[in-house]
file protein00.txt (compact mmCIF, C-alpha atoms and all ligand atoms)
# COMPACT_ATOMS: atom_id res chain seq x y z
CA MET I 1 0.00 0.00 0.00
CA ARG I 2 1.14 3.55 -0.72
CA LYS I 3 2.37 5.70 2.15
CA GLN I 4 -0.54 7.51 3.84
CA ILE I 5 0.56 10.94 5.01
CA ALA I 6 -0.80 13.65 7.27
CA ALA I 7 1.34 16.73 6.63
CA ALA I 8 0.99 19.94 8.62
CA ASN I 9 1.89 23.19 6.90
CA TRP I 10 2.27 25.83 9.60
CA LYS I 11 3.21 28.56 7.11
CA MET I 12 4.37 31.74 8.95
CA ASN I 13 2.44 31.09 12.15
CA LEU I 14 3.14 30.42 15.85
CA SER I 15 5.71 31.79 18.27
CA PHE I 16 8.52 29.49 19.35
CA GLN I 17 6.67 28.77 22.61
CA GLN I 18 3.42 27.97 20.80
CA ALA I 19 5.28 25.72 18.37
CA ASP I 20 6.91 23.85 21.24
CA GLN I 21 3.56 23.40 22.98
CA LEU I 22 1.77 22.23 19.84
CA LEU I 23 4.42 19.63 19.01
CA ASN I 24 4.43 18.37 22.59
CA SER I 25 0.64 18.05 22.59
CA VAL I 26 0.64 15.97 19.40
CA VAL I 27 3.49 13.77 20.67
CA ASP I 28 1.79 13.34 24.08
CA ALA I 29 -1.33 12.04 22.35
CA GLY I 30 0.70 8.85 21.82
CA ILE I 31 -0.76 8.07 18.41
CA ALA I 32 0.36 4.65 17.24
CA THR I 33 0.91 5.08 13.52
CA LYS I 34 0.85 2.05 11.24
CA GLU I 35 3.87 1.01 9.18
CA ASN I 36 2.56 2.73 6.02
CA GLN I 37 1.60 5.97 7.76
CA GLN I 38 3.67 9.12 8.06
CA VAL I 39 3.14 12.35 9.99
CA ILE I 40 5.00 15.41 8.76
CA PHE I 41 5.36 18.88 10.27
CA ALA I 42 6.38 21.55 7.76
CA VAL I 43 7.51 24.21 10.19
CA PRO I 44 9.29 27.56 9.70
CA PHE I 45 13.06 27.14 9.14
CA LEU I 46 13.81 28.53 12.60
CA TYR I 47 11.90 25.74 14.30
CA LEU I 48 13.27 22.78 12.34
CA SER I 49 15.86 21.98 14.95
CA ILE I 50 13.46 21.91 17.90
CA ALA I 51 10.88 20.03 15.82
CA ASN I 52 13.49 17.36 15.07
CA GLN I 53 14.35 17.13 18.77
CA LEU I 54 10.74 16.86 19.93
CA ILE I 55 9.48 14.40 17.36
CA GLY I 56 12.73 12.67 16.45
CA THR I 57 12.05 9.63 18.58
CA VAL I 58 8.42 9.22 17.54
CA LYS I 59 7.98 6.48 14.97
CA ASN I 60 6.91 7.78 11.54
CA PHE I 61 6.99 11.46 12.60
CA ASN I 62 9.19 13.80 10.53
CA ALA I 63 9.95 17.49 10.32
CA ALA I 64 9.85 19.17 6.90
CA SER I 65 10.97 22.43 5.44
CA GLN I 66 8.39 24.67 3.74
CA ASN I 67 10.84 25.67 1.04
CA CYS I 68 14.46 25.57 -0.15
CA TYR I 69 16.45 27.65 -2.60
CA GLN I 70 17.01 26.40 -6.14
CA LYS I 71 20.79 26.98 -6.20
CA LYS I 72 23.30 24.66 -4.56
CA GLU I 73 25.16 27.28 -2.47
CA GLY I 74 26.70 30.73 -2.65
CA ALA I 75 25.92 34.42 -2.35
CA PHE I 76 22.16 34.24 -1.84
CA THR I 77 21.62 36.17 1.37
CA GLY I 78 18.70 34.94 3.42
CA GLU I 79 18.18 31.70 1.52
CA ILE I 80 18.42 28.09 2.74
CA SER I 81 19.82 25.27 0.60
CA ALA I 82 18.67 21.69 0.31
CA ALA I 83 22.15 20.60 1.42
CA MET I 84 21.76 22.59 4.66
CA LEU I 85 18.43 20.91 5.33
CA HIS I 86 19.94 17.50 4.70
CA SER I 87 22.79 18.30 7.10
CA MET I 88 20.16 18.91 9.79
CA ASN I 89 18.56 15.50 9.15
CA ILE I 90 15.49 16.92 7.48
CA SER I 91 13.96 14.47 5.06
CA TYR I 92 10.98 16.30 3.46
CA CYS I 93 10.56 19.67 1.77
CA LEU I 94 7.47 21.39 0.36
CA VAL I 95 8.04 22.57 -3.20
CA GLY I 96 5.76 24.88 -5.14
CA HIS I 97 3.08 25.71 -2.61
CA SER I 98 0.63 28.08 -4.32
CA GLU I 99 1.62 30.87 -1.93
CA ARG I 100 5.24 30.52 -3.06
CA ARG I 101 4.13 30.48 -6.70
CA GLU I 102 1.97 33.58 -6.25
CA TYR I 103 3.90 35.81 -3.79
CA PHE I 104 7.44 34.78 -4.71
CA ASN I 105 6.97 34.24 -8.44
CA GLU I 106 8.09 30.63 -8.41
CA SER I 107 7.62 29.34 -11.95
CA ASN I 108 7.35 25.70 -13.02
CA GLU I 109 10.97 26.01 -14.23
CA ILE I 110 12.30 27.29 -10.89
CA LEU I 111 10.38 24.53 -9.16
CA SER I 112 11.98 21.91 -11.38
CA GLU I 113 15.39 23.14 -10.13
CA LYS I 114 14.19 22.95 -6.51
CA ILE I 115 13.03 19.38 -7.10
CA ASP I 116 16.52 18.52 -8.39
CA ARG I 117 18.22 20.12 -5.36
CA CYS I 118 15.95 18.15 -3.01
CA LEU I 119 16.57 14.82 -4.71
CA GLU I 120 20.33 15.40 -4.87
CA ASN I 121 20.24 15.84 -1.08
CA ASP I 122 17.97 12.93 -0.13
CA LEU I 123 15.05 15.21 0.66
CA THR I 124 11.66 13.94 -0.43
CA PRO I 125 9.92 16.83 -2.19
CA ILE I 126 6.20 17.30 -1.55
CA PHE I 127 5.33 18.88 -4.87
CA CYS I 128 2.24 21.09 -4.71
CA CYS I 129 0.01 21.70 -7.70
CA GLY I 130 -3.50 23.00 -8.24
CA GLU I 131 -5.64 25.45 -10.14
CA SER I 132 -7.23 28.82 -9.39
CA LEU I 133 -10.98 29.40 -9.36
CA THR I 134 -10.81 31.09 -12.78
CA ILE I 135 -9.20 28.01 -14.30
CA ARG I 136 -11.73 25.71 -12.62
CA ALA I 137 -14.60 27.92 -13.86
CA ALA I 138 -13.24 27.53 -17.41
CA ASP I 139 -13.00 23.74 -16.89
CA GLN I 140 -9.27 23.87 -17.66
CA GLN I 141 -8.07 22.36 -14.35
CA LYS I 142 -6.90 19.02 -15.75
CA THR I 143 -4.74 20.55 -18.48
CA PHE I 144 -3.42 23.18 -16.07
CA VAL I 145 -2.30 20.65 -13.45
CA GLU I 146 -0.88 18.37 -16.14
CA THR I 147 1.31 21.25 -17.36
CA GLN I 148 2.53 21.92 -13.82
CA LEU I 149 3.52 18.25 -13.47
CA ARG I 150 5.07 18.05 -16.92
CA ASP I 151 7.13 21.25 -16.63
CA SER I 152 8.50 20.62 -13.14
CA LEU I 153 8.76 16.83 -12.91
CA PHE I 154 9.00 15.13 -16.27
CA HIS I 155 12.76 15.61 -16.62
CA LEU I 156 13.12 13.10 -13.76
CA SER I 157 13.99 9.45 -14.25
CA LYS I 158 11.53 6.73 -13.26
CA GLU I 159 13.58 5.99 -10.19
CA GLN I 160 13.74 9.65 -9.15
CA ILE I 161 10.04 10.34 -9.48
CA THR I 162 9.14 7.54 -7.07
CA ASN I 163 11.01 9.51 -4.36
CA LEU I 164 8.44 12.25 -4.47
CA VAL I 165 5.05 13.04 -2.97
CA ILE I 166 2.44 15.10 -4.81
CA ALA I 167 -0.07 17.38 -3.09
CA TYR I 168 -3.09 18.49 -5.08
CA GLU I 169 -4.27 21.78 -3.63
CA PRO I 170 -6.95 23.69 -5.52
CA ILE I 171 -6.11 27.32 -4.73
CA TRP I 172 -9.77 28.21 -4.23
CA ALA I 173 -9.94 25.73 -1.34
CA ILE I 174 -6.80 26.84 0.52
CA GLY I 175 -7.55 28.75 3.70
CA THR I 176 -11.07 29.53 2.49
CA GLY I 177 -13.03 26.96 4.47
CA LYS I 178 -14.34 25.79 1.08
CA THR I 179 -13.35 22.15 0.57
CA ALA I 180 -13.45 20.50 -2.84
CA THR I 181 -16.07 17.73 -3.06
CA THR I 182 -14.91 14.15 -2.86
CA ILE I 183 -15.97 13.76 -6.50
CA GLN I 184 -13.78 16.70 -7.58
CA VAL I 185 -10.89 15.45 -5.44
CA GLN I 186 -11.01 11.83 -6.60
CA GLU I 187 -11.36 12.91 -10.24
CA MET I 188 -8.25 15.11 -10.08
CA HIS I 189 -6.20 12.61 -8.08
CA ALA I 190 -7.02 9.86 -10.59
CA HIS I 191 -6.06 12.26 -13.38
CA ILE I 192 -2.72 13.08 -11.74
CA ARG I 193 -2.01 9.38 -11.28
CA SER I 194 -2.87 8.65 -14.92
CA VAL I 195 -0.62 11.49 -16.14
CA ILE I 196 2.28 9.98 -14.17
CA SER I 197 1.40 6.45 -15.30
CA ASN I 198 1.23 7.47 -18.97
CA GLN I 199 4.72 8.94 -18.73
CA TYR I 200 6.42 6.45 -16.40
CA GLY I 201 4.25 3.31 -16.37
CA THR I 202 1.44 2.18 -14.10
CA ASP I 203 3.83 0.57 -11.63
CA THR I 204 5.30 4.03 -10.98
CA GLY I 205 1.96 5.87 -10.97
CA ASP I 206 0.61 3.39 -8.44
CA LYS I 207 3.52 3.97 -6.06
CA ILE I 208 3.26 7.76 -5.68
CA SER I 209 1.36 9.16 -2.70
CA ILE I 210 -0.98 11.98 -3.70
CA LEU I 211 -2.21 14.20 -0.86
CA TYR I 212 -5.20 16.50 -0.93
CA GLY I 213 -4.91 20.03 0.51
CA GLY I 214 -7.55 22.69 0.90
CA SER I 215 -9.48 23.28 4.13
CA VAL I 216 -8.99 19.74 5.45
CA LYS I 217 -10.25 19.53 9.02
CA ALA I 218 -11.11 16.86 11.57
CA SER I 219 -14.73 16.82 10.41
CA ASN I 220 -14.02 16.13 6.70
CA ALA I 221 -10.67 14.30 6.76
CA LYS I 222 -12.01 10.75 6.85
CA GLU I 223 -14.34 11.25 3.91
CA LEU I 224 -11.58 12.86 1.82
CA PHE I 225 -8.91 10.32 2.77
CA ASN I 226 -11.23 7.44 1.94
CA CYS I 227 -11.20 8.34 -1.77
CA ASP I 228 -9.28 5.66 -3.71
CA ASP I 229 -6.54 7.93 -5.02
CA VAL I 230 -6.17 10.13 -1.94
CA ASP I 231 -3.25 9.15 0.27
CA GLY I 232 -3.70 11.69 3.05
CA GLY I 233 -3.63 15.45 3.29
CA LEU I 234 -1.57 18.62 3.43
CA VAL I 235 -3.17 20.67 6.16
CA GLY I 236 -2.79 24.38 6.86
CA GLY I 237 -5.14 26.06 9.35
CA ALA I 238 -6.34 22.91 11.10
CA SER I 239 -2.76 21.80 11.78
CA LEU I 240 -2.31 24.75 14.15
CA GLN I 241 -4.65 23.17 16.69
CA ALA I 242 -3.34 20.01 18.32
CA GLU I 243 -6.69 18.25 18.75
CA GLU I 244 -7.76 18.95 15.16
CA PHE I 245 -4.50 17.66 13.74
CA ILE I 246 -4.54 14.58 15.99
CA GLN I 247 -7.98 13.67 14.62
CA ILE I 248 -6.74 14.23 11.06
CA ILE I 249 -3.83 11.85 11.67
CA LYS I 250 -6.27 9.28 13.00
CA ALA I 251 -8.37 9.63 9.84
CA LEU I 252 -5.57 8.26 7.61
CA LYS I 253 -6.24 4.98 5.84
CA CYS I 254 -4.54 2.01 7.45
C1 LIG I 301 -2.12 24.68 2.77
O1 LIG I 301 -1.61 25.68 3.19
O2 LIG I 301 -1.44 23.90 2.13
C2 LIG I 301 -3.55 24.44 3.03
C3 LIG I 301 -4.12 23.44 2.43
O3 LIG I 301 -4.16 25.30 3.91
P1 LIG I 301 -5.63 25.09 4.56
O4 LIG I 301 -5.67 23.70 5.11
O5 LIG I 301 -5.69 26.14 5.63
O6 LIG I 301 -6.63 25.30 3.48
call {"tool": "encode", "arguments": {"input": "protein00.txt", "output": "structure tokens"}}
result
Amino acid sequence: MRKQIAAANWKMNLSFQQADQLLNSVVDAGIATKENQQVIFAVPFLYLSIANQLIGTVKNFNAASQNCYQKKEGAFTGEISAAMLHSMNISYCLVGHSERREYFNESNEILSEKIDRCLENDLTPIFCCGESLTIRAADQQKTFVETQLRDSLFHLSKEQITNLVIAYEPIWAIGTGKTATTIQVQEMHAHIRSVISNQYGTDTGDKISILYGGSVKASNAKELFNCDDVDGGLVGGASLQAEEFIQIIKALKC
């Protein structure tokens, strides 16, 4: 069975003390994850070290970076490289979140470089894709997402692409409280899997975990995660409350 993943994306939220408390609360819940389940906390860079310390001994819990720079090293003041993350024992990195694409002008081409840096440094990229409301209204979402995948991922070898997680996040559902329907979610996830399978073979398409993101909460997680091609979720707002996130973890397929 594919890896089932509950990934928290804290974005630019929480003080150090709040972060510490939240991580402790989730750890103290003593959730017994199954072999195929993974819990990931994408925390601000500053908190990666403490996150690693607090969750490091919990089975199947991992800290993740929310971003990395596309160059290997050098005079890029304020940036963080994939190699630095690797040297801190970080094993996952979000790539191409819609907020990065929109506010920091990250193009599909830049994201393809970030994917390369991650893979060179044994970081599993969680590649985010998804359409705006305008694109959905024009019924262009499948072609749009396919282009995102093609432009940022299809230079990878078959072996490389299996070391990657995809998160489908329709922009109109992020932080809006408006969740996509299970029909819309399953349809897009199946499409993403078929795009990968057509390029790399069904064996590869079947191996890749595809997460859904967009207003996932404790009350809708189970229904969303139960869709055939949904392998968990990338969770923003609801991951900032321990009890909500604990329930979301518990909603993962076994
Ligand atoms: C996200 O930031 O990736 C996200 C899905 O946010 P939210 O859960 O708040 O919609």
call {"tool": "residues_near_ligand", "arguments": {"input": "protein00.txt", "ligand": "ligand LIG 301 (chain I)", "cutoff": "9 Å", "atoms": "all atoms listed in the file", "output": "ChimeraX atom specification"}}
result
/I:7-11,97-99,128,167,169-179,212-217,233-239
call {"tool": "closest_residue", "arguments": {"input": "protein00.txt", "among": "I:Leu54, I:Val195, I:Ile248, I:Ile135", "to": "Val27 (chain I)", "atoms": "all atoms listed in the file"}}
result
I:Leu54
call {"tool": "atom_distance", "arguments": {"input": "protein00.txt", "atom1": "CA of Asp231 (chain I)", "atom2": "CA of Ser65 (chain I)"}}
result
20.1 Å
call {"tool": "atom_distance", "arguments": {"input": "protein00.txt", "atom1": "CA of Leu23 (chain I)", "atom2": "CA of Cys227 (chain I)"}}
result
28.3 Å
call {"tool": "residues_around", "arguments": {"input": "protein00.txt", "residues": "Asn60 (chain I)", "least_positions_apart": "2", "cutoff": "9 Å", "atoms": "all atoms listed in the file", "output": "ChimeraX atom specification"}}
result
/I:33-40,57-58,62
call {"tool": "residues_around", "arguments": {"input": "protein00.txt", "residues": "Ile161 (chain I)", "least_positions_apart": "2", "cutoff": "12 Å", "atoms": "all atoms listed in the file", "output": "PyMOL selection string"}}
result
chain I and resi 112+115-116+118-119+124-127+149-150+152-159+163-166+196-197+199-201+203-209
call {"tool": "write_last_selection", "arguments": {"input": "protein00.txt", "atoms": "C-alpha atoms", "output": "PDB file, keeping the file's coordinate frame"}}
result
ATOM      1  CA  SER I 112      11.980  21.910 -11.380  1.00  0.00           C
ATOM      2  CA  ILE I 115      13.030  19.380  -7.100  1.00  0.00           C
ATOM      3  CA  ASP I 116      16.520  18.520  -8.390  1.00  0.00           C
ATOM      4  CA  CYS I 118      15.950  18.150  -3.010  1.00  0.00           C
ATOM      5  CA  LEU I 119      16.570  14.820  -4.710  1.00  0.00           C
ATOM      6  CA  THR I 124      11.660  13.940  -0.430  1.00  0.00           C
ATOM      7  CA  PRO I 125       9.920  16.830  -2.190  1.00  0.00           C
ATOM      8  CA  ILE I 126       6.200  17.300  -1.550  1.00  0.00           C
ATOM      9  CA  PHE I 127       5.330  18.880  -4.870  1.00  0.00           C
ATOM     10  CA  LEU I 149       3.520  18.250 -13.470  1.00  0.00           C
ATOM     11  CA  ARG I 150       5.070  18.050 -16.920  1.00  0.00           C
ATOM     12  CA  SER I 152       8.500  20.620 -13.140  1.00  0.00           C
ATOM     13  CA  LEU I 153       8.760  16.830 -12.910  1.00  0.00           C
ATOM     14  CA  PHE I 154       9.000  15.130 -16.270  1.00  0.00           C
ATOM     15  CA  HIS I 155      12.760  15.610 -16.620  1.00  0.00           C
ATOM     16  CA  LEU I 156      13.120  13.100 -13.760  1.00  0.00           C
ATOM     17  CA  SER I 157      13.990   9.450 -14.250  1.00  0.00           C
ATOM     18  CA  LYS I 158      11.530   6.730 -13.260  1.00  0.00           C
ATOM     19  CA  GLU I 159      13.580   5.990 -10.190  1.00  0.00           C
ATOM     20  CA  ASN I 163      11.010   9.510  -4.360  1.00  0.00           C
ATOM     21  CA  LEU I 164       8.440  12.250  -4.470  1.00  0.00           C
ATOM     22  CA  VAL I 165       5.050  13.040  -2.970  1.00  0.00           C
ATOM     23  CA  ILE I 166       2.440  15.100  -4.810  1.00  0.00           C
ATOM     24  CA  ILE I 196       2.280   9.980 -14.170  1.00  0.00           C
ATOM     25  CA  SER I 197       1.400   6.450 -15.300  1.00  0.00           C
ATOM     26  CA  GLN I 199       4.720   8.940 -18.730  1.00  0.00           C
ATOM     27  CA  TYR I 200       6.420   6.450 -16.400  1.00  0.00           C
ATOM     28  CA  GLY I 201       4.250   3.310 -16.370  1.00  0.00           C
ATOM     29  CA  ASP I 203       3.830   0.570 -11.630  1.00  0.00           C
ATOM     30  CA  THR I 204       5.300   4.030 -10.980  1.00  0.00           C
ATOM     31  CA  GLY I 205       1.960   5.870 -10.970  1.00  0.00           C
ATOM     32  CA  ASP I 206       0.610   3.390  -8.440  1.00  0.00           C
ATOM     33  CA  LYS I 207       3.520   3.970  -6.060  1.00  0.00           C
ATOM     34  CA  ILE I 208       3.260   7.760  -5.680  1.00  0.00           C
ATOM     35  CA  SER I 209       1.360   9.160  -2.700  1.00  0.00           C
TER      36      SER I 209
END
call {"tool": "atom_distance", "arguments": {"input": "protein00.txt", "atom1": "CA of Ala42 (chain I)", "atom2": "CA of Asn67 (chain I)"}}
result
9.1 Å
call {"tool": "closest_residue", "arguments": {"input": "protein00.txt", "among": "I:Arg100, I:Leu22, I:Gln53, I:Arg2", "to": "Tyr69 (chain I)", "atoms": "all atoms listed in the file"}}
result
I:Arg100
call {"tool": "axis_aligned_box", "arguments": {"input": "protein00.txt", "around": "region 190-194 of chain I", "padding_each_side": "3 Å", "output": "JSON"}}
result
{"center_x": -4.5, "center_y": 10.9, "center_z": -12.8, "size_x": 11.0, "size_y": 10.4, "size_z": 10.3}
call {"tool": "decode", "arguments": {"input": "protein00.txt", "residues": "region 152-179 of chain I", "atoms": "N, CA and C atoms", "output": "CSV table (one decimal), in the first residue's frame"}}
result
chain,number,residue,atom,x,y,z
I,152,SER,N,7.6,20.6,-14.3
I,152,SER,CA,8.5,20.6,-13.1
I,152,SER,C,9.0,19.2,-12.8
I,153,LEU,N,8.4,18.2,-13.3
I,153,LEU,CA,8.8,16.8,-12.9
I,153,LEU,C,9.2,15.9,-14.0
I,154,PHE,N,8.8,16.2,-15.3
I,154,PHE,CA,9.0,15.1,-16.3
I,154,PHE,C,10.4,15.0,-16.8
I,155,HIS,N,11.3,15.8,-16.3
I,155,HIS,CA,12.8,15.6,-16.6
I,155,HIS,C,13.4,14.5,-15.7
I,156,LEU,N,12.6,14.1,-14.7
I,156,LEU,CA,13.1,13.1,-13.8
I,156,LEU,C,13.1,11.7,-14.4
I,157,SER,N,14.0,10.9,-13.8
I,157,SER,CA,14.0,9.5,-14.3
I,157,SER,C,12.9,8.8,-13.5
I,158,LYS,N,12.5,7.5,-13.9
I,158,LYS,CA,11.5,6.7,-13.3
I,158,LYS,C,11.9,6.5,-11.8
I,159,GLU,N,13.1,6.2,-11.6
I,159,GLU,CA,13.6,6.0,-10.2
I,159,GLU,C,13.4,7.3,-9.3
I,160,GLN,N,13.8,8.4,-9.9
I,160,GLN,CA,13.7,9.6,-9.1
I,160,GLN,C,12.3,10.0,-8.8
I,161,ILE,N,11.4,9.9,-9.7
I,161,ILE,CA,10.0,10.3,-9.5
I,161,ILE,C,9.3,9.5,-8.4
I,162,THR,N,9.8,8.3,-8.1
I,162,THR,CA,9.1,7.5,-7.1
I,162,THR,C,9.5,8.1,-5.7
I,163,ASN,N,10.6,8.9,-5.6
I,163,ASN,CA,11.0,9.5,-4.4
I,163,ASN,C,10.4,10.9,-4.2
I,164,LEU,N,9.1,11.0,-4.5
I,164,LEU,CA,8.4,12.2,-4.5
I,164,LEU,C,7.0,12.0,-4.0
I,165,VAL,N,6.5,13.1,-3.4
I,165,VAL,CA,5.0,13.0,-3.0
I,165,VAL,C,4.4,14.2,-3.7
I,166,ILE,N,3.2,14.0,-4.1
I,166,ILE,CA,2.4,15.1,-4.8
I,166,ILE,C,1.3,15.6,-3.9
I,167,ALA,N,1.1,16.9,-3.8
I,167,ALA,CA,-0.1,17.4,-3.1
I,167,ALA,C,-0.9,18.2,-4.1
I,168,TYR,N,-2.2,17.7,-4.2
I,168,TYR,CA,-3.1,18.5,-5.1
I,168,TYR,C,-3.8,19.5,-4.2
I,169,GLU,N,-3.6,20.8,-4.5
I,169,GLU,CA,-4.3,21.8,-3.6
I,169,GLU,C,-5.0,22.8,-4.5
I,170,PRO,N,-6.3,22.7,-4.7
I,170,PRO,CA,-6.9,23.7,-5.5
I,170,PRO,C,-6.9,25.0,-4.8
I,171,ILE,N,-6.4,26.1,-5.4
I,171,ILE,CA,-6.1,27.3,-4.7
I,171,ILE,C,-7.4,27.9,-4.1
I,172,TRP,N,-8.5,27.7,-4.7
I,172,TRP,CA,-9.8,28.2,-4.2
I,172,TRP,C,-10.2,27.5,-2.9
I,173,ALA,N,-9.6,26.4,-2.6
I,173,ALA,CA,-9.9,25.7,-1.3
I,173,ALA,C,-8.9,26.0,-0.2
I,174,ILE,N,-7.8,26.7,-0.5
I,174,ILE,CA,-6.8,26.8,0.5
I,174,ILE,C,-7.1,28.0,1.4
I,175,GLY,N,-7.3,27.7,2.7
I,175,GLY,CA,-7.6,28.7,3.7
I,175,GLY,C,-8.9,29.4,3.6
I,176,THR,N,-9.8,28.9,2.7
I,176,THR,CA,-11.1,29.5,2.5
I,176,THR,C,-12.2,28.9,3.3
I,177,GLY,N,-12.0,27.7,3.8
I,177,GLY,CA,-13.0,27.0,4.5
I,177,GLY,C,-13.9,26.2,3.4
I,178,LYS,N,-13.6,26.4,2.2
I,178,LYS,CA,-14.3,25.8,1.1
I,178,LYS,C,-13.6,24.5,0.6
I,179,THR,N,-14.1,23.4,1.0
I,179,THR,CA,-13.4,22.1,0.6
I,179,THR,C,-13.9,21.7,-0.8
